[in-house]
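Source file: my_file_34.txt (compact mmCIF, C-alpha atoms and all ligand atoms)
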```txt
# COMPACT_ATOMS: atom_id res chain seq x y z
CA MET A 250 199.21 99.99 17.42
CA ASN A 251 198.12 97.08 15.29
CA ILE A 252 195.86 98.36 12.50
CA PRO A 253 193.47 95.58 11.41
CA VAL A 254 193.65 94.38 7.81
CA LEU A 255 191.31 92.12 5.86
CA THR A 256 192.98 90.77 2.72
CA ILE A 257 190.94 89.49 -0.23
CA ASP A 258 193.07 87.72 -2.83
CA GLY A 259 192.07 85.71 -5.86
CA PRO A 260 192.10 85.47 -9.65
CA SER A 261 190.66 88.16 -11.91
CA GLY A 262 186.90 88.17 -12.22
CA ALA A 263 186.16 86.37 -8.94
CA GLY A 264 184.27 89.42 -7.64
CA LYS A 265 187.01 90.76 -5.36
CA GLY A 266 186.48 94.40 -6.31
CA THR A 267 182.73 94.48 -5.72
CA VAL A 268 182.97 92.45 -2.51
CA SER A 269 185.95 94.38 -1.10
CA ARG A 270 184.35 97.75 -1.74
CA ALA A 271 181.07 96.68 -0.13
CA VAL A 272 182.80 95.16 2.90
CA ALA A 273 185.02 98.23 3.36
CA LYS A 274 181.92 100.42 3.32
CA LEU A 275 180.08 98.23 5.85
CA LEU A 276 183.07 98.14 8.20
CA GLU A 277 183.88 101.82 7.51
CA TRP A 278 187.47 100.81 6.76
CA HIS A 279 189.82 102.12 4.06
CA TYR A 280 190.06 100.25 0.79
CA LEU A 281 193.10 99.34 -1.32
CA ASP A 282 192.49 98.18 -4.88
CA SER A 283 196.09 97.03 -5.49
CA GLY A 284 195.32 95.96 -9.07
CA SER A 285 194.67 99.62 -9.90
CA ILE A 286 198.28 100.44 -8.94
CA TYR A 287 199.60 97.88 -11.46
CA ARG A 288 196.99 99.07 -13.96
CA SER A 289 198.11 102.71 -13.49
CA LEU A 290 201.70 101.69 -14.15
CA ALA A 291 200.60 99.82 -17.28
CA ILE A 292 198.83 102.97 -18.53
CA ALA A 293 201.90 105.09 -17.84
CA VAL A 294 204.10 102.60 -19.73
CA LEU A 295 201.74 102.33 -22.70
CA GLN A 296 201.37 106.13 -22.86
CA SER A 297 205.16 106.57 -22.96
CA ASP A 298 205.47 104.08 -25.83
CA VAL A 299 207.85 102.00 -23.74
CA ALA A 300 207.91 98.31 -24.71
CA LEU A 301 206.52 95.90 -22.10
CA ASP A 302 209.89 94.10 -21.94
CA ASN A 303 211.94 97.27 -21.34
CA LEU A 304 212.50 96.66 -17.64
CA SER A 305 214.82 99.58 -16.91
CA GLN A 306 212.40 102.12 -18.39
CA ILE A 307 209.44 100.46 -16.66
CA THR A 308 211.10 100.60 -13.25
CA ALA A 309 212.03 104.25 -13.87
CA ILE A 310 208.38 105.03 -14.61
CA ALA A 311 207.21 103.04 -11.56
CA GLY A 312 209.56 104.99 -9.29
CA ALA A 313 208.61 108.39 -10.67
CA MET A 314 204.85 108.13 -11.17
CA GLN A 315 202.63 110.07 -8.77
CA LEU A 316 199.32 108.38 -8.01
CA GLU A 317 196.32 109.87 -6.24
CA PHE A 318 193.32 107.76 -5.27
CA ASP A 319 189.83 109.03 -4.44
CA CYS A 320 188.09 106.02 -2.95
CA GLY A 321 184.49 107.29 -2.99
CA GLU A 322 181.49 105.52 -4.52
CA VAL A 323 183.61 104.95 -7.59
CA LEU A 324 187.39 104.82 -7.55
CA VAL A 325 188.99 107.82 -9.24
CA VAL A 326 192.70 107.58 -10.03
CA ARG A 327 194.99 110.37 -11.15
CA LEU A 328 198.36 109.64 -12.70
CA ASP A 329 200.72 112.62 -12.50
CA GLY A 330 197.67 114.82 -12.01
CA VAL A 331 195.67 113.43 -14.95
CA ASP A 332 192.44 111.45 -14.40
CA ILE A 333 192.98 107.97 -15.91
CA THR A 334 189.85 106.34 -14.43
CA ALA A 335 188.27 105.68 -17.84
CA GLN A 336 191.25 103.62 -19.03
CA LEU A 337 191.73 101.63 -15.82
CA GLY A 338 189.22 98.88 -16.52
CA THR A 339 190.00 98.01 -20.12
CA GLU A 340 191.27 94.58 -21.18
CA THR A 341 194.36 96.17 -22.77
CA THR A 342 195.25 97.79 -19.44
CA GLY A 343 194.57 94.59 -17.46
CA ASN A 344 196.69 92.44 -19.72
CA ALA A 345 199.57 94.93 -19.74
CA ALA A 346 199.26 95.22 -15.93
CA SER A 347 199.77 91.49 -15.53
CA ILE A 348 202.92 91.69 -17.69
CA VAL A 349 204.54 94.58 -15.75
CA ALA A 350 203.41 93.03 -12.44
CA ALA A 351 205.51 89.94 -13.14
CA TYR A 352 208.80 91.90 -12.74
CA PRO A 353 210.20 91.55 -9.18
CA ALA A 354 211.84 95.00 -9.41
CA VAL A 355 208.47 96.58 -10.21
CA ARG A 356 206.80 94.79 -7.28
CA ALA A 357 209.56 95.95 -4.92
CA ILE A 358 209.06 99.59 -5.95
CA LEU A 359 205.27 99.41 -5.55
CA LEU A 360 205.33 97.57 -2.20
CA GLN A 361 205.58 100.62 0.06
CA LYS A 362 202.87 102.49 -1.88
CA GLN A 363 200.53 99.64 -0.94
CA LYS A 364 201.61 99.37 2.71
CA ASP A 365 200.92 103.11 3.11
CA PHE A 366 197.18 102.41 2.74
CA ARG A 367 197.15 100.75 6.18
CA ARG A 368 195.49 103.40 8.32
CA LEU A 369 193.02 103.41 11.19
CA PRO A 370 190.35 102.23 11.71
CA GLY A 371 191.32 99.41 9.32
CA LEU A 372 191.96 98.35 5.74
CA VAL A 373 190.36 96.02 3.23
CA ALA A 374 193.05 95.13 0.67
CA ASP A 375 192.20 93.43 -2.61
CA GLY A 376 194.72 91.81 -4.96
CA ARG A 377 196.84 88.74 -5.62
CA ASP A 378 199.47 88.88 -2.88
CA MET A 379 197.81 90.95 -0.14
CA GLY A 380 197.74 88.12 2.42
CA SER A 381 200.99 86.48 1.32
CA VAL A 382 203.41 89.38 0.72
CA VAL A 383 202.07 92.88 1.38
CA PHE A 384 200.17 92.25 4.64
CA PRO A 385 201.29 88.76 5.79
CA ASP A 386 200.34 89.70 9.38
CA ALA A 387 196.72 90.55 8.43
CA GLU A 388 194.19 89.40 10.99
CA TYR A 389 191.65 88.30 8.40
CA LYS A 390 192.44 86.64 5.09
CA VAL A 391 190.10 85.53 2.34
CA TYR A 392 190.88 83.74 -0.92
CA LEU A 393 187.99 84.44 -3.28
CA THR A 394 187.80 82.28 -6.37
CA ALA A 395 185.38 81.02 -9.05
CA SER A 396 185.73 78.74 -12.07
CA ALA A 397 187.40 80.30 -15.14
CA GLU A 398 184.21 79.64 -17.10
CA GLU A 399 182.05 81.53 -14.60
CA ARG A 400 184.52 84.43 -14.40
CA ALA A 401 184.61 84.73 -18.20
CA ASN A 402 180.79 84.69 -18.30
CA ARG A 403 180.57 87.51 -15.76
CA ARG A 404 183.14 89.61 -17.59
CA TYR A 405 181.32 89.01 -20.88
CA LYS A 406 177.99 90.15 -19.38
CA GLN A 407 179.61 93.27 -17.87
CA LEU A 408 181.05 94.30 -21.24
CA ILE A 409 177.79 93.65 -23.13
CA GLU A 410 175.87 95.66 -20.51
CA LYS A 411 178.28 98.55 -21.06
CA GLY A 412 177.57 98.30 -24.80
CA ILE A 413 181.10 97.05 -25.52
CA ASP A 414 181.46 94.40 -28.21
CA ALA A 415 182.79 91.19 -26.62
CA ASN A 416 183.72 87.66 -27.59
CA LEU A 417 183.21 85.02 -24.89
CA PHE A 418 185.75 82.62 -26.39
CA GLN A 419 188.43 85.32 -26.48
CA ILE A 420 187.63 86.50 -22.94
CA THR A 421 187.90 82.92 -21.62
CA ARG A 422 191.29 82.53 -23.29
CA GLU A 423 192.52 85.87 -21.90
CA ILE A 424 191.36 84.97 -18.38
CA GLU A 425 193.14 81.62 -18.55
CA GLU A 426 196.27 83.30 -19.90
CA ARG A 427 196.17 85.95 -17.13
CA ASP A 428 195.64 83.23 -14.46
CA ARG A 429 198.61 81.31 -15.81
CA ARG A 430 200.85 84.41 -15.76
CA ASP A 431 199.72 85.43 -12.27
CA GLN A 432 200.15 81.90 -10.86
CA GLU A 433 203.40 80.93 -12.53
CA ARG A 434 205.46 84.08 -11.98
CA ALA A 435 208.43 83.65 -9.67
CA THR A 436 207.72 86.64 -7.42
CA ALA A 437 204.53 86.94 -5.36
CA PRO A 438 202.50 84.48 -7.47
CA LEU A 439 198.78 84.16 -6.90
CA THR A 440 198.39 81.53 -4.16
CA VAL A 441 196.09 80.83 -1.25
CA PRO A 442 197.82 82.72 1.60
CA GLU A 443 198.58 80.83 4.80
CA GLY A 444 195.64 81.12 7.15
CA ALA A 445 193.17 82.25 4.46
CA THR A 446 189.56 81.12 4.24
CA THR A 447 188.70 80.08 0.68
CA ILE A 448 185.34 81.15 -0.72
CA ASP A 449 184.26 79.81 -4.13
CA SER A 450 181.81 82.34 -5.56
CA SER A 451 180.86 80.26 -8.66
CA SER A 452 177.36 79.54 -7.38
CA LEU A 453 176.99 82.33 -4.78
CA SER A 454 175.38 85.74 -5.16
CA ILE A 455 177.44 88.85 -4.42
CA GLN A 456 175.37 89.35 -1.25
CA GLN A 457 176.10 85.81 -0.05
CA VAL A 458 179.83 86.40 -0.50
CA ILE A 459 179.66 89.76 1.31
CA ASP A 460 177.79 88.10 4.21
CA ALA A 461 180.35 85.32 4.42
CA VAL A 462 183.25 87.79 4.54
CA ILE A 463 181.55 90.04 7.11
CA ASN A 464 180.85 87.00 9.31
CA LEU A 465 184.52 86.21 9.30
CA VAL A 466 185.42 89.65 10.65
CA ARG A 467 182.60 90.14 13.14
O1 LIG B 501 192.91 92.87 -10.01
P1 LIG B 501 193.19 93.47 -11.34
O2 LIG B 501 192.58 92.72 -12.49
O3 LIG B 501 192.89 94.92 -11.38
O4 LIG B 501 194.78 93.33 -11.53
C1 LIG B 501 195.40 93.55 -12.78
C2 LIG B 501 196.71 92.75 -12.80
O5 LIG B 501 197.62 93.31 -11.84
C3 LIG B 501 196.56 91.29 -12.40
O6 LIG B 501 196.28 90.44 -13.50
C4 LIG B 501 197.89 90.96 -11.77
O7 LIG B 501 198.83 90.53 -12.73
C5 LIG B 501 198.39 92.28 -11.23
N1 LIG B 501 198.24 92.35 -9.78
C6 LIG B 501 199.26 91.81 -9.03
N2 LIG B 501 199.22 91.90 -7.67
C7 LIG B 501 198.19 92.47 -7.07
C8 LIG B 501 197.11 93.01 -7.82
C9 LIG B 501 197.16 92.92 -9.19
O8 LIG B 501 200.19 91.25 -9.57
N3 LIG B 501 198.19 92.56 -5.76
```
Rendering of file as structure tokens:
Amino acid sequence: MNIPVLTIDGPSGAGKGTVSRAVAKLLEWHYLDSGSIYRSLAIAVLQSDVALDNLSQITAIAGAMQLEFDCGEVLVVRLDGVDITAQLGTETTGNAASIVAAYPAVRAILLQKQKDFRRLPGLVADGRDMGSVVFPDAEYKVYLTASAEERANRRYKQLIEKGIDANLFQITREIEERDRRDQERATAPLTVPEGATTIDSSSLSIQQVIDAVINLVR
């Protein structure tokens, strides 16, 4: 049986997480936050004091790590039984995730873990290569983007709201650096998947983006 999949790819900070979660809830489909898999690996690597260029150790950790996801109102992730949710969203984790995610061997190991999320009645999958590599046969594909400036502004506001000290200039530079790494890597780079509908969220509200995505599926 063909299990329907809606893929939502795009650069960091475009609103994929918020939109994907809301759409999955409305459709009553499962939700895959693939970035959290790379982020979990980054946490495991940083915790083991393994250098980010030590490929053999990183692949060993990727193969051995046990991940559990509770996809309720908020995503809870356990790594080898330990709740790592609080560390998932930090800039350190995100930047390290984009470094380990550039290794083809790492991506190969994590591929099946992602495919396993495809269960009835359907799946909303959010990431960089959901429509191009992990679920190329997805029925619905969205490429959600926004200008780097707008994405940096949103990230800055989020951090300030959480009471975390932030520097807009530094965030903009990190976002541009992460975009460059995600787009230029040889394996599964961030691209607009074939057959995807592009939505630029720069001047849209979250609700407008959710409506646009839901219209595509219904
Ligand atoms: O989406 P999120 O910011 O959580 O992803 C963290 C990093 O993981 C990204 O910058 C990207 O390098 C990597 N990633 C990936 N492929 C995915 C999802 C995330 O390479 N499908």
For ligand LIG 501 (chain B), collect every residue having any atom at a distance of at most 6 Å from a ligand atom (counting all atoms listed in the file); output as a list of chain:residue names.
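After applying the 6 Å limit, what remains is A:Ser261, A:Ser283, A:Gly284, A:Ser285, A:Tyr287, A:Arg288, A:Gly343, A:Ala346, A:Ser347, A:Ala350, A:Gly376, A:Arg377, A:Asp378, A:Met379, A:Arg427, A:Asp431.
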In Å, how far is it from atom CA of A:Asn416 to atom CA of A:Thr339?
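Taking atom CA of A:Asn416 and atom CA of A:Thr339, their separation equals 14.2 Å.
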Which neighbours of stretch 439-451 of chain A fall inside 10 Å, counting all atoms listed in the file, when residues of the same chain fewer than 5 positions from it are skipped, and could you give them as an MDAnalysis selection string?
chainID A and resid 256:260 263:265 376:382 385 387:400 428:434 457:458 461:462 465
For each of A:Leu281, A:Glu425, A:Gly338, A:Arg270, take the minimum atom-to-atom distance to A:Phe384, counting all atoms listed in the file, then give the residue where this is smallest.
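Residue with the minimum atom-to-atom distance to A:Phe384: A:Leu281.
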What does the distance between atom CA of A:Lys274 and atom CA of A:Asp386 come to in Å, to one decimal place?
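Taking atom CA of A:Lys274 as the start and atom CA of A:Asp386 as the end point, the length is 22.2 Å.
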Point-to-point distance in Å for atom CA of A:Asp414 and atom CA of A:Leu328:
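Atom CA of A:Asp414 lies 27.5 Å from atom CA of A:Leu328.
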Which neighbours of A:Val325 fall inside 6 Å, counting only C-alpha atoms, when residues of the same chain fewer than 5 positions from it are skipped, and could you give them as a list in words?
Phe318, Asp319 and Thr334 of chain A
Saved selection, atoms kept: C-alpha atoms, as a compact mmCIF listing (two decimals), in the frame of the given file:
```
# COMPACT_ATOMS: atom_id res chain seq x y z
CA PHE A 318 193.32 107.76 -5.27
CA ASP A 319 189.83 109.03 -4.44
CA THR A 334 189.85 106.34 -14.43
```
Considering all atoms listed in the file, can you say which of A:Asp302, A:Glu426, A:Gln419, A:Val331 comes closest to A:Met314?
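Once distances to A:Met314 are computed over all atoms listed in the file, the minimum belongs to A:Val331.
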For a quick check of your reading of the model, name the residues lying within 7 Å of the coordinate (210.2, 103.1, -6.8), counting all atoms listed in the file, and write them as an MDAnalysis selection string.
chainID A and resid 308 311:313 358:359
Nearest candidate to A:Pro370 (options A:Leu453, A:Leu276, A:Val268, A:Ile409; using only C-alpha atoms)
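Checking each of A:Leu453, A:Leu276, A:Val268, A:Ile409 against A:Pro370, counting only C-alpha atoms, the winner is A:Leu276.
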With only C-alpha atoms as the basis for distance, which of A:Thr267, A:Leu316, A:Gln336, A:Leu324 is at the shortest distance from A:Ile292?
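Closest residue, counting only C-alpha atoms: A:Gln336.
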Write out all heavy atoms for stretch 373-384 of chain A, as a tab-separated table (two decimals), keeping the file's coordinate frame.
```tsv
chain	number	residue	atom	x	y	z
A	373	VAL	N	190.70	97.18	4.05
A	373	VAL	CA	190.36	96.02	3.23
A	373	VAL	C	191.25	96.11	2.00
A	373	VAL	O	191.23	97.12	1.29
A	373	VAL	CB	188.87	96.04	2.80
A	373	VAL	CG1	188.55	94.84	1.92
A	373	VAL	CG2	187.96	96.07	4.02
A	374	ALA	N	192.08	95.09	1.77
A	374	ALA	CA	193.05	95.13	0.67
A	374	ALA	C	192.76	94.02	-0.32
A	374	ALA	O	192.72	92.85	0.05
A	374	ALA	CB	194.47	94.98	1.22
A	375	ASP	N	192.58	94.42	-1.58
A	375	ASP	CA	192.20	93.43	-2.61
A	375	ASP	C	193.31	93.28	-3.63
A	375	ASP	O	193.93	94.26	-4.03
A	375	ASP	CB	190.83	93.88	-3.14
A	375	ASP	CG	190.65	93.98	-4.64
A	375	ASP	OD1	191.41	93.38	-5.41
A	375	ASP	OD2	189.69	94.66	-5.03
A	376	GLY	N	193.65	92.03	-3.97
A	376	GLY	CA	194.72	91.81	-4.96
A	376	GLY	C	195.05	90.36	-5.18
A	376	GLY	O	194.17	89.49	-5.20
A	377	ARG	N	196.37	90.11	-5.38
A	377	ARG	CA	196.84	88.74	-5.62
A	377	ARG	C	197.76	88.26	-4.50
A	377	ARG	O	197.87	87.08	-4.25
A	377	ARG	CB	197.62	88.66	-6.93
A	377	ARG	CG	196.89	89.12	-8.16
A	377	ARG	CD	195.79	88.16	-8.54
A	377	ARG	NE	195.16	88.54	-9.81
A	377	ARG	CZ	194.42	89.62	-10.02
A	377	ARG	NH1	194.21	90.47	-9.01
A	377	ARG	NH2	193.90	89.88	-11.18
A	378	ASP	N	198.45	89.24	-3.88
A	378	ASP	CA	199.47	88.88	-2.88
A	378	ASP	C	199.28	89.68	-1.59
A	378	ASP	O	200.23	89.93	-0.87
A	378	ASP	CB	200.87	89.15	-3.44
A	378	ASP	CG	201.08	90.62	-3.79
A	378	ASP	OD1	200.07	91.35	-3.93
A	378	ASP	OD2	202.24	91.04	-3.91
A	379	MET	N	198.05	90.12	-1.33
A	379	MET	CA	197.81	90.95	-0.14
A	379	MET	C	198.09	90.16	1.14
A	379	MET	O	198.76	90.65	2.04
A	379	MET	CB	196.35	91.47	-0.14
A	379	MET	CG	195.99	92.36	-1.31
A	379	MET	SD	196.91	93.92	-1.32
A	379	MET	CE	198.20	93.54	-2.47
A	380	GLY	N	197.57	88.92	1.21
A	380	GLY	CA	197.74	88.12	2.42
A	380	GLY	C	199.09	87.42	2.48
A	380	GLY	O	199.55	87.05	3.56
A	381	SER	N	199.73	87.23	1.32
A	381	SER	CA	200.99	86.48	1.32
A	381	SER	C	202.21	87.37	1.44
A	381	SER	O	203.18	87.02	2.11
A	381	SER	CB	201.09	85.63	0.04
A	381	SER	OG	200.93	86.45	-1.10
A	382	VAL	N	202.20	88.55	0.79
A	382	VAL	CA	203.41	89.38	0.72
A	382	VAL	C	203.23	90.77	1.35
A	382	VAL	O	204.04	91.19	2.16
A	382	VAL	CB	203.87	89.56	-0.75
A	382	VAL	CG1	205.06	90.49	-0.84
A	382	VAL	CG2	204.22	88.21	-1.37
A	383	VAL	N	202.18	91.48	0.97
A	383	VAL	CA	202.07	92.88	1.38
A	383	VAL	C	201.64	93.01	2.84
A	383	VAL	O	202.21	93.78	3.60
A	383	VAL	CB	201.13	93.67	0.43
A	383	VAL	CG1	201.08	95.15	0.81
A	383	VAL	CG2	201.59	93.54	-1.02
A	384	PHE	N	200.64	92.21	3.25
A	384	PHE	CA	200.17	92.25	4.64
A	384	PHE	C	200.13	90.83	5.22
A	384	PHE	O	199.05	90.33	5.57
A	384	PHE	CB	198.76	92.89	4.70
A	384	PHE	CG	198.68	94.26	4.09
A	384	PHE	CD1	198.03	94.45	2.87
A	384	PHE	CD2	199.27	95.36	4.71
A	384	PHE	CE1	197.95	95.72	2.29
A	384	PHE	CE2	199.20	96.63	4.13
A	384	PHE	CZ	198.54	96.81	2.93
```
